[in-house]
Amino acid sequence: MFKTRLLSGIVLVVVLIVTVGYGNELLFAFTGAISLIGMKELYQVVGVQNRALGMAGYLAALFYYSLLWVNHMEYMTMLSILFLVAVMAVYVFTFPAFRAEQVMTVFFGFFYVAVMLSYVYQTRMLPEGHVVVWLIFLSSWGCDTCAYCVGVLFGRHKMAPKLSPKKSVEGGIGGIVGAALLGALFALAMNRWGGASADPLHYVIICAAGSMISQIGDLAASAIKRNHEIKDYGKLIPGHGGILDRFDSVIFTAPIIYYLATLV
């Protein structure tokens with residue numbers, strides 16, 4: 001299993017380096033694709049992935065990414081309202097084919113997966129996006145790695161014992177500190193070899209905040225799995241699970257990094 005996780009992890013990193021590094025239409029297509037896959041994984045949890053209700057969710061995601069591509073996000077509120085009307089129409093005109101919680105999951109999944117993941121692309125398209133976008137992954141996956149190492153060595157107090165017994169408060173703090181340190185080192189590296197003019201203190205603040213939010217994202221995805229008694233959302237990434245298993249923290253971190261980057 002370790003070898004499988006390692007090899008698939010390397011492949012995933014290479015894919016991210018290529019897509020995120022290039023940006024533009026390649027990253028847009030990649031982000032849109034994994035958003036649809038992630039939505040399908042979530043919809044599968046409640047059994048609507050290939051039914052009319054799920055199709056309404058996929059269609060809303062396609063419309064959302066179309067607005068994002070043509071830079072007409074002023075229509076986002078209208079899209080959200082129309083999407084709600086659409087899912088409720090499916091609900092009432094096919095009653096009792098679907099339950100209320102399935103309808104709510106479809107509506108929630110559109111924002112949770114498609115909208116929030118799109119901030120990877122949106123962050124990359126910022127003026128300094130070719131540098132700042134990597135803070136998303138430093139804050140999420142860097143925090144996860146640091147939290148695991150510190151937790152194994154010093155973990156004593158459980159963070160959420162009923163939800164994730166292996167996660168500790170010490171590991172969570174270690175993840176935040178580790179991500180902040182990675183942010184500072186990344187800023188210094190980019191200034192020296194990447195021609196950037198990044199303020200290490202700003203990157204420390206951004207990565208520390210992002211890492212705190214990433215842990216909520218990780219636990220939130222775990223909570224959904226516990227509620228529905230499943231181990232993984234999918235099997236797309238061998239040894240890691242599905243898109244939601246691997247990008248659960250990125251989903252929460254991406255919009256936070258985007259707004260912190262624009263503010264800080």
# chains A, B, ... in the order shown; residues from 1 in each chain; ligands from 1
call {"tool": "residues_around", "arguments": {"residues": "A:Met212", "least_positions_apart": "5", "cutoff": "9 Å", "atoms": "only C-alpha atoms", "output": "PyMOL selection string"}}
result
chain A and resi 139-140+143+172-173+175-176+207+253
call {"tool": "select_by_dssp", "arguments": {"residues": "stretch 20-230 of chain A", "states": "strand (DSSP E)", "output": "VMD selection string"}}
result
chain A and resid 158 to 160 164 to 168
call {"tool": "residues_around", "arguments": {"residues": "A:Leu79", "least_positions_apart": "4", "cutoff": "12 Å", "atoms": "only C-alpha atoms", "output": "list of chain:residue names"}}
result
A:Gly57, A:Leu59, A:Ala60, A:Ala61, A:Leu62, A:Phe63, A:Tyr64, A:Tyr65, A:Ser66, A:Leu67, A:Leu68, A:His72, A:Met73, A:Glu74, A:Tyr75, A:Phe83, A:Leu84, A:Val85, A:Ala86, A:Phe107, A:Phe110, A:Phe111, A:Val115
call {"tool": "write_last_selection", "arguments": {"atoms": "N, CA, C and O atoms", "output": "PDB file, in the first residue's frame"}}
result
ATOM      1  N   GLY A  57     -27.126  19.080 -10.733  1.00  0.00           N
ATOM      2  CA  GLY A  57     -25.909  19.584 -10.105  1.00  0.00           C
ATOM      3  C   GLY A  57     -24.764  19.720 -11.086  1.00  0.00           C
ATOM      4  O   GLY A  57     -24.047  20.735 -11.099  1.00  0.00           O
ATOM      5  N   LEU A  59     -24.986  20.103 -14.294  1.00  0.00           N
ATOM      6  CA  LEU A  59     -25.323  21.169 -15.235  1.00  0.00           C
ATOM      7  C   LEU A  59     -25.036  22.542 -14.619  1.00  0.00           C
ATOM      8  O   LEU A  59     -24.507  23.435 -15.286  1.00  0.00           O
ATOM      9  N   ALA A  60     -25.362  22.698 -13.347  1.00  0.00           N
ATOM     10  CA  ALA A  60     -25.078  23.962 -12.657  1.00  0.00           C
ATOM     11  C   ALA A  60     -23.574  24.226 -12.614  1.00  0.00           C
ATOM     12  O   ALA A  60     -23.128  25.365 -12.793  1.00  0.00           O
ATOM     13  N   ALA A  61     -22.787  23.179 -12.391  1.00  0.00           N
ATOM     14  CA  ALA A  61     -21.330  23.327 -12.366  1.00  0.00           C
ATOM     15  C   ALA A  61     -20.802  23.761 -13.728  1.00  0.00           C
ATOM     16  O   ALA A  61     -19.901  24.613 -13.817  1.00  0.00           O
ATOM     17  N   LEU A  62     -21.350  23.193 -14.797  1.00  0.00           N
ATOM     18  CA  LEU A  62     -20.928  23.579 -16.141  1.00  0.00           C
ATOM     19  C   LEU A  62     -21.268  25.038 -16.435  1.00  0.00           C
ATOM     20  O   LEU A  62     -20.459  25.772 -17.021  1.00  0.00           O
ATOM     21  N   PHE A  63     -22.451  25.463 -16.010  1.00  0.00           N
ATOM     22  CA  PHE A  63     -22.830  26.867 -16.191  1.00  0.00           C
ATOM     23  C   PHE A  63     -21.916  27.783 -15.375  1.00  0.00           C
ATOM     24  O   PHE A  63     -21.511  28.849 -15.835  1.00  0.00           O
ATOM     25  N   TYR A  64     -21.599  27.348 -14.149  1.00  0.00           N
ATOM     26  CA  TYR A  64     -20.722  28.154 -13.294  1.00  0.00           C
ATOM     27  C   TYR A  64     -19.345  28.331 -13.931  1.00  0.00           C
ATOM     28  O   TYR A  64     -18.818  29.453 -13.990  1.00  0.00           O
ATOM     29  N   TYR A  65     -18.772  27.244 -14.424  1.00  0.00           N
ATOM     30  CA  TYR A  65     -17.445  27.338 -15.043  1.00  0.00           C
ATOM     31  C   TYR A  65     -17.491  28.129 -16.353  1.00  0.00           C
ATOM     32  O   TYR A  65     -16.508  28.764 -16.736  1.00  0.00           O
ATOM     33  N   SER A  66     -18.619  28.106 -17.016  1.00  0.00           N
ATOM     34  CA  SER A  66     -18.773  28.935 -18.215  1.00  0.00           C
ATOM     35  C   SER A  66     -18.743  30.418 -17.853  1.00  0.00           C
ATOM     36  O   SER A  66     -18.082  31.226 -18.527  1.00  0.00           O
ATOM     37  N   LEU A  67     -19.438  30.775 -16.772  1.00  0.00           N
ATOM     38  CA  LEU A  67     -19.407  32.168 -16.299  1.00  0.00           C
ATOM     39  C   LEU A  67     -17.993  32.568 -15.886  1.00  0.00           C
ATOM     40  O   LEU A  67     -17.549  33.690 -16.162  1.00  0.00           O
ATOM     41  N   LEU A  68     -17.307  31.655 -15.222  1.00  0.00           N
ATOM     42  CA  LEU A  68     -15.940  31.931 -14.781  1.00  0.00           C
ATOM     43  C   LEU A  68     -15.014  32.139 -15.969  1.00  0.00           C
ATOM     44  O   LEU A  68     -14.162  33.041 -15.966  1.00  0.00           O
ATOM     45  N   HIS A  72     -17.884  36.606 -16.235  1.00  0.00           N
ATOM     46  CA  HIS A  72     -19.160  37.260 -15.968  1.00  0.00           C
ATOM     47  C   HIS A  72     -19.747  36.734 -14.656  1.00  0.00           C
ATOM     48  O   HIS A  72     -20.883  36.270 -14.609  1.00  0.00           O
ATOM     49  N   MET A  73     -18.948  36.851 -13.592  1.00  0.00           N
ATOM     50  CA  MET A  73     -19.360  36.313 -12.304  1.00  0.00           C
ATOM     51  C   MET A  73     -20.474  37.139 -11.644  1.00  0.00           C
ATOM     52  O   MET A  73     -21.002  36.755 -10.607  1.00  0.00           O
ATOM     53  N   GLU A  74     -20.837  38.272 -12.264  1.00  0.00           N
ATOM     54  CA  GLU A  74     -21.953  39.050 -11.725  1.00  0.00           C
ATOM     55  C   GLU A  74     -23.279  38.293 -11.833  1.00  0.00           C
ATOM     56  O   GLU A  74     -24.268  38.664 -11.210  1.00  0.00           O
ATOM     57  N   TYR A  75     -23.285  37.212 -12.631  1.00  0.00           N
ATOM     58  CA  TYR A  75     -24.493  36.408 -12.779  1.00  0.00           C
ATOM     59  C   TYR A  75     -24.534  35.227 -11.800  1.00  0.00           C
ATOM     60  O   TYR A  75     -25.428  34.384 -11.881  1.00  0.00           O
ATOM     61  N   PHE A  83     -30.554  27.499  -9.906  1.00  0.00           N
ATOM     62  CA  PHE A  83     -30.176  26.131  -9.552  1.00  0.00           C
ATOM     63  C   PHE A  83     -31.062  25.613  -8.427  1.00  0.00           C
ATOM     64  O   PHE A  83     -31.528  24.465  -8.459  1.00  0.00           O
ATOM     65  N   LEU A  84     -31.312  26.457  -7.426  1.00  0.00           N
ATOM     66  CA  LEU A  84     -32.193  26.046  -6.335  1.00  0.00           C
ATOM     67  C   LEU A  84     -33.593  25.752  -6.854  1.00  0.00           C
ATOM     68  O   LEU A  84     -34.209  24.745  -6.479  1.00  0.00           O
ATOM     69  N   VAL A  85     -34.085  26.606  -7.735  1.00  0.00           N
ATOM     70  CA  VAL A  85     -35.413  26.374  -8.326  1.00  0.00           C
ATOM     71  C   VAL A  85     -35.424  25.057  -9.100  1.00  0.00           C
ATOM     72  O   VAL A  85     -36.387  24.282  -9.032  1.00  0.00           O
ATOM     73  N   ALA A  86     -34.335  24.789  -9.833  1.00  0.00           N
ATOM     74  CA  ALA A  86     -34.264  23.576 -10.649  1.00  0.00           C
ATOM     75  C   ALA A  86     -34.292  22.313  -9.793  1.00  0.00           C
ATOM     76  O   ALA A  86     -35.050  21.370 -10.089  1.00  0.00           O
ATOM     77  N   PHE A 107     -27.511  20.525  -3.734  1.00  0.00           N
ATOM     78  CA  PHE A 107     -27.320  21.978  -3.717  1.00  0.00           C
ATOM     79  C   PHE A 107     -26.025  22.329  -3.000  1.00  0.00           C
ATOM     80  O   PHE A 107     -25.233  23.150  -3.470  1.00  0.00           O
ATOM     81  N   PHE A 110     -22.668  21.514  -5.020  1.00  0.00           N
ATOM     82  CA  PHE A 110     -22.286  22.468  -6.056  1.00  0.00           C
ATOM     83  C   PHE A 110     -21.319  23.505  -5.499  1.00  0.00           C
ATOM     84  O   PHE A 110     -20.289  23.816  -6.093  1.00  0.00           O
ATOM     85  N   PHE A 111     -21.624  24.067  -4.330  1.00  0.00           N
ATOM     86  CA  PHE A 111     -20.757  25.083  -3.725  1.00  0.00           C
ATOM     87  C   PHE A 111     -19.531  24.451  -3.079  1.00  0.00           C
ATOM     88  O   PHE A 111     -18.410  24.952  -3.212  1.00  0.00           O
ATOM     89  N   VAL A 115     -17.588  25.205  -6.760  1.00  0.00           N
ATOM     90  CA  VAL A 115     -17.261  26.621  -6.537  1.00  0.00           C
ATOM     91  C   VAL A 115     -15.960  26.774  -5.754  1.00  0.00           C
ATOM     92  O   VAL A 115     -15.065  27.538  -6.143  1.00  0.00           O
TER      93      VAL A 115
END
call {"tool": "residues_around", "arguments": {"residues": "A:Gly9", "least_positions_apart": "3", "cutoff": "12 Å", "atoms": "only C-alpha atoms", "output": "ChimeraX atom specification"}}
result
/A:1-6,12-16,141,236-241,246
call {"tool": "closest_atom_pairs", "arguments": {"of": "stretch 76-189 of chain A", "to": "stretch 20-42 of chain A", "cutoff": "8 Å", "atoms": "only C-alpha atoms", "output": "Markdown table"}}
result
| residue | atom | partner | partner_atom | distance |
| --- | --- | --- | --- | --- |
| A:Gly109 | CA | A:Met39 | CA | 6.1 |
| A:Phe110 | CA | A:Met39 | CA | 7.0 |
| A:Val113 | CA | A:Ser35 | CA | 5.8 |
| A:Ala114 | CA | A:Ser35 | CA | 4.8 |
| A:Leu117 | CA | A:Ser35 | CA | 6.6 |
| A:Ser118 | CA | A:Thr31 | CA | 6.3 |
| A:Val120 | CA | A:Thr31 | CA | 7.4 |
| A:Tyr121 | CA | A:Phe28 | CA | 6.0 |
| A:Arg124 | CA | A:Gly23 | CA | 6.5 |
| A:Met125 | CA | A:Gly23 | CA | 7.4 |
| A:His130 | CA | A:Gly21 | CA | 6.8 |
| A:Val133 | CA | A:Val20 | CA | 7.9 |
call {"tool": "residues_around", "arguments": {"residues": "stretch 191-204 of chain A", "least_positions_apart": "3", "cutoff": "12 Å", "atoms": "only C-alpha atoms", "output": "ChimeraX atom specification"}}
result
/A:127-136,138-139,176-188,207-211,257,260-264
call {"tool": "select_by_dssp", "arguments": {"residues": "stretch 68-139 of chain A", "states": "helix (DSSP H, G or I)", "output": "ChimeraX atom specification"}}
result
/A:68-69,73-93,100-124,129-132,134-139
call {"tool": "closest_atom_pairs", "arguments": {"of": "stretch 89-175 of chain A", "to": "stretch 219-226 of chain A", "cutoff": "9 Å", "atoms": "only C-alpha atoms", "output": "CSV"}}
result
residue,atom,partner,partner_atom,distance
A:Ala160,CA,A:Leu219,CA,8.5
A:Leu163,CA,A:Ala223,CA,6.4
A:Ser164,CA,A:Leu219,CA,7.5
call {"tool": "atom_distance", "arguments": {"atom1": "atom CA of A:Pro96", "atom2": "atom CA of A:Asn227"}}
result
23.1 Å
call {"tool": "residues_around", "arguments": {"residues": "A:Gly217", "least_positions_apart": "5", "cutoff": "7 Å", "atoms": "only C-alpha atoms", "output": "MDAnalysis selection string"}}
result
chainID A and resid 248:249 251:252
call {"tool": "residues_around", "arguments": {"residues": "stretch 88-90 of chain A", "least_positions_apart": "6", "cutoff": "12 Å", "atoms": "only C-alpha atoms", "output": "list of chain:residue names"}}
result
A:Val48, A:Arg51, A:Ala52, A:Leu53, A:Gly54, A:Met55, A:Ala56, A:Gly57, A:Ile81, A:Leu82, A:Pro96, A:Ala97, A:Phe98, A:Arg99, A:Ala100, A:Glu101, A:Gln102, A:Val103, A:Met104, A:Val106, A:Phe107
